[in-house]
Amino acid sequence: MNISDSDLSNRRQAIINKYCELADFIEGSLFVRIVNGKERTYLSRMVNGVQRQLYISKKHFRKIQRGVEHWEELKQITHQLSEVNIKIIQQEQ
């Protein structure tokens, strides 16, 4: 089934618009560690091929958590955008 060029263009633009909504993304994942008997939250991420861990204060936890959630969503919509771009190229052939 062929999707019209305008439908693909509209879908592509909607995905691109979603990128703008996720501009505050943070690459990495959150985990909790017990340090001196207290729970501490850390952001784990790769920097130049080396895993780095950054302590996250309670004050900043929600903002970092939202950024990590946006990173996961960004990866999903990047895949969707790739699929749309492939369909556009296939229809041009």
# chains A, B, ... in the order shown; residues from 1 in each chain; ligands from 1
$ select_by_dssp --residues "chain A" --states "strand (DSSP E)" --output "PDB file with N, CA and C atoms, in the first residue's frame"
ATOM      1  N   SER A  29      20.952   6.900  32.138  1.00  0.00           N
ATOM      2  CA  SER A  29      19.923   6.212  32.914  1.00  0.00           C
ATOM      3  C   SER A  29      20.146   6.501  34.393  1.00  0.00           C
ATOM      4  N   LEU A  30      19.068   6.447  35.135  1.00  0.00           N
ATOM      5  CA  LEU A  30      19.113   6.710  36.573  1.00  0.00           C
ATOM      6  C   LEU A  30      19.173   5.403  37.343  1.00  0.00           C
ATOM      7  N   PHE A  31      19.894   5.414  38.450  1.00  0.00           N
ATOM      8  CA  PHE A  31      19.898   4.267  39.345  1.00  0.00           C
ATOM      9  C   PHE A  31      20.105   4.762  40.773  1.00  0.00           C
ATOM     10  N   VAL A  32      19.743   3.915  41.718  1.00  0.00           N
ATOM     11  CA  VAL A  32      19.853   4.258  43.142  1.00  0.00           C
ATOM     12  C   VAL A  32      20.934   3.376  43.767  1.00  0.00           C
ATOM     13  N   ARG A  33      21.737   3.991  44.611  1.00  0.00           N
ATOM     14  CA  ARG A  33      22.799   3.289  45.327  1.00  0.00           C
ATOM     15  C   ARG A  33      22.695   3.688  46.794  1.00  0.00           C
ATOM     16  N   ILE A  34      23.018   2.748  47.668  1.00  0.00           N
ATOM     17  CA  ILE A  34      23.059   3.043  49.102  1.00  0.00           C
ATOM     18  C   ILE A  34      24.485   3.474  49.449  1.00  0.00           C
ATOM     19  N   VAL A  35      24.610   4.705  49.967  1.00  0.00           N
ATOM     20  CA  VAL A  35      25.905   5.248  50.365  1.00  0.00           C
ATOM     21  C   VAL A  35      25.777   5.716  51.817  1.00  0.00           C
ATOM     22  N   LYS A  38      22.322   5.715  53.214  1.00  0.00           N
ATOM     23  CA  LYS A  38      21.309   6.572  52.604  1.00  0.00           C
ATOM     24  C   LYS A  38      21.195   6.265  51.113  1.00  0.00           C
ATOM     25  N   GLU A  39      19.969   6.337  50.616  1.00  0.00           N
ATOM     26  CA  GLU A  39      19.757   6.156  49.179  1.00  0.00           C
ATOM     27  C   GLU A  39      20.228   7.390  48.434  1.00  0.00           C
ATOM     28  N   ARG A  40      21.022   7.167  47.403  1.00  0.00           N
ATOM     29  CA  ARG A  40      21.508   8.253  46.551  1.00  0.00           C
ATOM     30  C   ARG A  40      21.176   7.895  45.113  1.00  0.00           C
ATOM     31  N   THR A  41      20.717   8.879  44.362  1.00  0.00           N
ATOM     32  CA  THR A  41      20.385   8.669  42.956  1.00  0.00           C
ATOM     33  C   THR A  41      21.529   9.185  42.098  1.00  0.00           C
ATOM     34  N   TYR A  42      21.841   8.394  41.067  1.00  0.00           N
ATOM     35  CA  TYR A  42      22.925   8.741  40.143  1.00  0.00           C
ATOM     36  C   TYR A  42      22.438   8.658  38.707  1.00  0.00           C
ATOM     37  N   LEU A  43      23.051   9.463  37.874  1.00  0.00           N
ATOM     38  CA  LEU A  43      22.869   9.386  36.428  1.00  0.00           C
ATOM     39  C   LEU A  43      24.089   8.663  35.888  1.00  0.00           C
ATOM     40  N   SER A  44      23.848   7.602  35.140  1.00  0.00           N
ATOM     41  CA  SER A  44      24.921   6.851  34.514  1.00  0.00           C
ATOM     42  C   SER A  44      24.903   7.149  33.024  1.00  0.00           C
ATOM     43  N   ARG A  45      26.085   7.458  32.467  1.00  0.00           N
ATOM     44  CA  ARG A  45      26.162   7.745  31.039  1.00  0.00           C
ATOM     45  C   ARG A  45      27.560   7.435  30.541  1.00  0.00           C
ATOM     46  N   MET A  46      27.665   7.263  29.240  1.00  0.00           N
ATOM     47  CA  MET A  46      28.952   6.995  28.613  1.00  0.00           C
ATOM     48  C   MET A  46      29.547   8.303  28.103  1.00  0.00           C
ATOM     49  N   VAL A  47      30.807   8.547  28.455  1.00  0.00           N
ATOM     50  CA  VAL A  47      31.526   9.728  28.007  1.00  0.00           C
ATOM     51  C   VAL A  47      32.844   9.245  27.403  1.00  0.00           C
ATOM     52  N   VAL A  50      33.723   5.708  28.229  1.00  0.00           N
ATOM     53  CA  VAL A  50      33.900   5.379  29.643  1.00  0.00           C
ATOM     54  C   VAL A  50      32.606   5.706  30.382  1.00  0.00           C
ATOM     55  N   GLN A  51      32.163   4.751  31.212  1.00  0.00           N
ATOM     56  CA  GLN A  51      30.945   4.996  31.983  1.00  0.00           C
ATOM     57  C   GLN A  51      31.232   6.004  33.090  1.00  0.00           C
ATOM     58  N   ARG A  52      30.390   7.016  33.166  1.00  0.00           N
ATOM     59  CA  ARG A  52      30.497   8.045  34.203  1.00  0.00           C
ATOM     60  C   ARG A  52      29.212   8.056  35.012  1.00  0.00           C
ATOM     61  N   GLN A  53      29.351   8.334  36.290  1.00  0.00           N
ATOM     62  CA  GLN A  53      28.201   8.418  37.177  1.00  0.00           C
ATOM     63  C   GLN A  53      28.204   9.776  37.849  1.00  0.00           C
ATOM     64  N   LEU A  54      27.047  10.392  37.859  1.00  0.00           N
ATOM     65  CA  LEU A  54      26.896  11.732  38.415  1.00  0.00           C
ATOM     66  C   LEU A  54      25.810  11.702  39.489  1.00  0.00           C
ATOM     67  N   TYR A  55      26.140  12.147  40.697  1.00  0.00           N
ATOM     68  CA  TYR A  55      25.161  12.206  41.776  1.00  0.00           C
ATOM     69  C   TYR A  55      24.076  13.217  41.426  1.00  0.00           C
ATOM     70  N   ILE A  56      22.819  12.856  41.683  1.00  0.00           N
ATOM     71  CA  ILE A  56      21.678  13.733  41.415  1.00  0.00           C
ATOM     72  C   ILE A  56      21.017  14.079  42.747  1.00  0.00           C
TER      73      ILE A  56
END
$ residues_around --residues "Ile64 of chain A" --least-positions-apart "3" --cutoff "9 Å" --atoms "only C-alpha atoms" --output "VMD selection string"
chain A and resid 25 to 26 30 43 56 60 to 61 67 to 69
$ closest_residue --among "A:Glu21, A:Gln65, A:Leu81, A:Glu27" --to "Ser9 of chain A" --atoms "only C-alpha atoms"
A:Leu81
$ atom_distance --atom1 "atom CA of Asn85 of chain A" --atom2 "atom CA of Asp7 of chain A"
12.2 Å
$ closest_residue --among "A:Arg12, A:Gly49, A:Leu22, A:Asn17" --to "Lys75 of chain A" --atoms "only C-alpha atoms"
A:Leu22
$ atom_distance --atom1 "atom CA of Thr78 of chain A" --atom2 "atom CA of Gln93 of chain A"
23.1 Å
$ select_by_dssp --residues "segment 37-67 of chain A" --states "helix (DSSP H, G or I)" --output "PyMOL selection string"
chain A and resi 58-67
$ write_last_selection --atoms "N, CA and C atoms" --output "PDB file, in the first residue's frame"
ATOM      1  N   LYS A  58      18.164  15.565  45.341  1.00  0.00           N
ATOM      2  CA  LYS A  58      16.698  15.492  45.339  1.00  0.00           C
ATOM      3  C   LYS A  58      16.100  16.706  44.644  1.00  0.00           C
ATOM      4  N   LYS A  59      16.752  17.841  44.797  1.00  0.00           N
ATOM      5  CA  LYS A  59      16.276  19.084  44.179  1.00  0.00           C
ATOM      6  C   LYS A  59      16.201  18.959  42.656  1.00  0.00           C
ATOM      7  N   HIS A  60      17.144  18.249  42.059  1.00  0.00           N
ATOM      8  CA  HIS A  60      17.217  18.149  40.599  1.00  0.00           C
ATOM      9  C   HIS A  60      16.689  16.828  40.035  1.00  0.00           C
ATOM     10  N   PHE A  61      16.268  15.925  40.924  1.00  0.00           N
ATOM     11  CA  PHE A  61      15.866  14.596  40.482  1.00  0.00           C
ATOM     12  C   PHE A  61      14.783  14.625  39.411  1.00  0.00           C
ATOM     13  N   ARG A  62      13.694  15.348  39.645  1.00  0.00           N
ATOM     14  CA  ARG A  62      12.566  15.326  38.705  1.00  0.00           C
ATOM     15  C   ARG A  62      12.972  15.858  37.332  1.00  0.00           C
ATOM     16  N   LYS A  63      13.770  16.909  37.309  1.00  0.00           N
ATOM     17  CA  LYS A  63      14.214  17.479  36.038  1.00  0.00           C
ATOM     18  C   LYS A  63      15.103  16.484  35.268  1.00  0.00           C
ATOM     19  N   ILE A  64      16.002  15.829  35.985  1.00  0.00           N
ATOM     20  CA  ILE A  64      16.878  14.836  35.349  1.00  0.00           C
ATOM     21  C   ILE A  64      16.046  13.636  34.883  1.00  0.00           C
ATOM     22  N   GLN A  65      15.113  13.208  35.721  1.00  0.00           N
ATOM     23  CA  GLN A  65      14.259  12.071  35.356  1.00  0.00           C
ATOM     24  C   GLN A  65      13.474  12.384  34.083  1.00  0.00           C
ATOM     25  N   ARG A  66      12.925  13.569  34.002  1.00  0.00           N
ATOM     26  CA  ARG A  66      12.178  13.975  32.801  1.00  0.00           C
ATOM     27  C   ARG A  66      13.104  14.003  31.584  1.00  0.00           C
ATOM     28  N   GLY A  67      14.327  14.495  31.759  1.00  0.00           N
ATOM     29  CA  GLY A  67      15.287  14.525  30.666  1.00  0.00           C
ATOM     30  C   GLY A  67      15.638  13.136  30.160  1.00  0.00           C
TER      31      GLY A  67
END
$ closest_residue --among "A:Ile77, A:Asn48, A:Gly37, A:Gln90" --to "Ala14 of chain A" --atoms "only C-alpha atoms"
A:Ile77
$ atom_distance --atom1 "atom CA of Cys20 of chain A" --atom2 "atom CA of Ile86 of chain A"
21.7 Å
$ residues_around --residues "Asp5 of chain A" --least-positions-apart "4" --cutoff "9 Å" --atoms "only C-alpha atoms" --output "list in words"
Ser9, Asn10, Ile88 and Gln91 of chain A
$ write_last_selection --atoms "C-alpha atoms" --output "PDB file, in the first residue's frame"
ATOM      1  CA  SER A   9       5.516  14.687   4.541  1.00  0.00           C
ATOM      2  CA  ASN A  10       2.932  15.451   7.228  1.00  0.00           C
ATOM      3  CA  ILE A  88       9.878   8.547   1.029  1.00  0.00           C
ATOM      4  CA  GLN A  91       8.421   5.993  -3.343  1.00  0.00           C
TER       5      GLN A  91
END
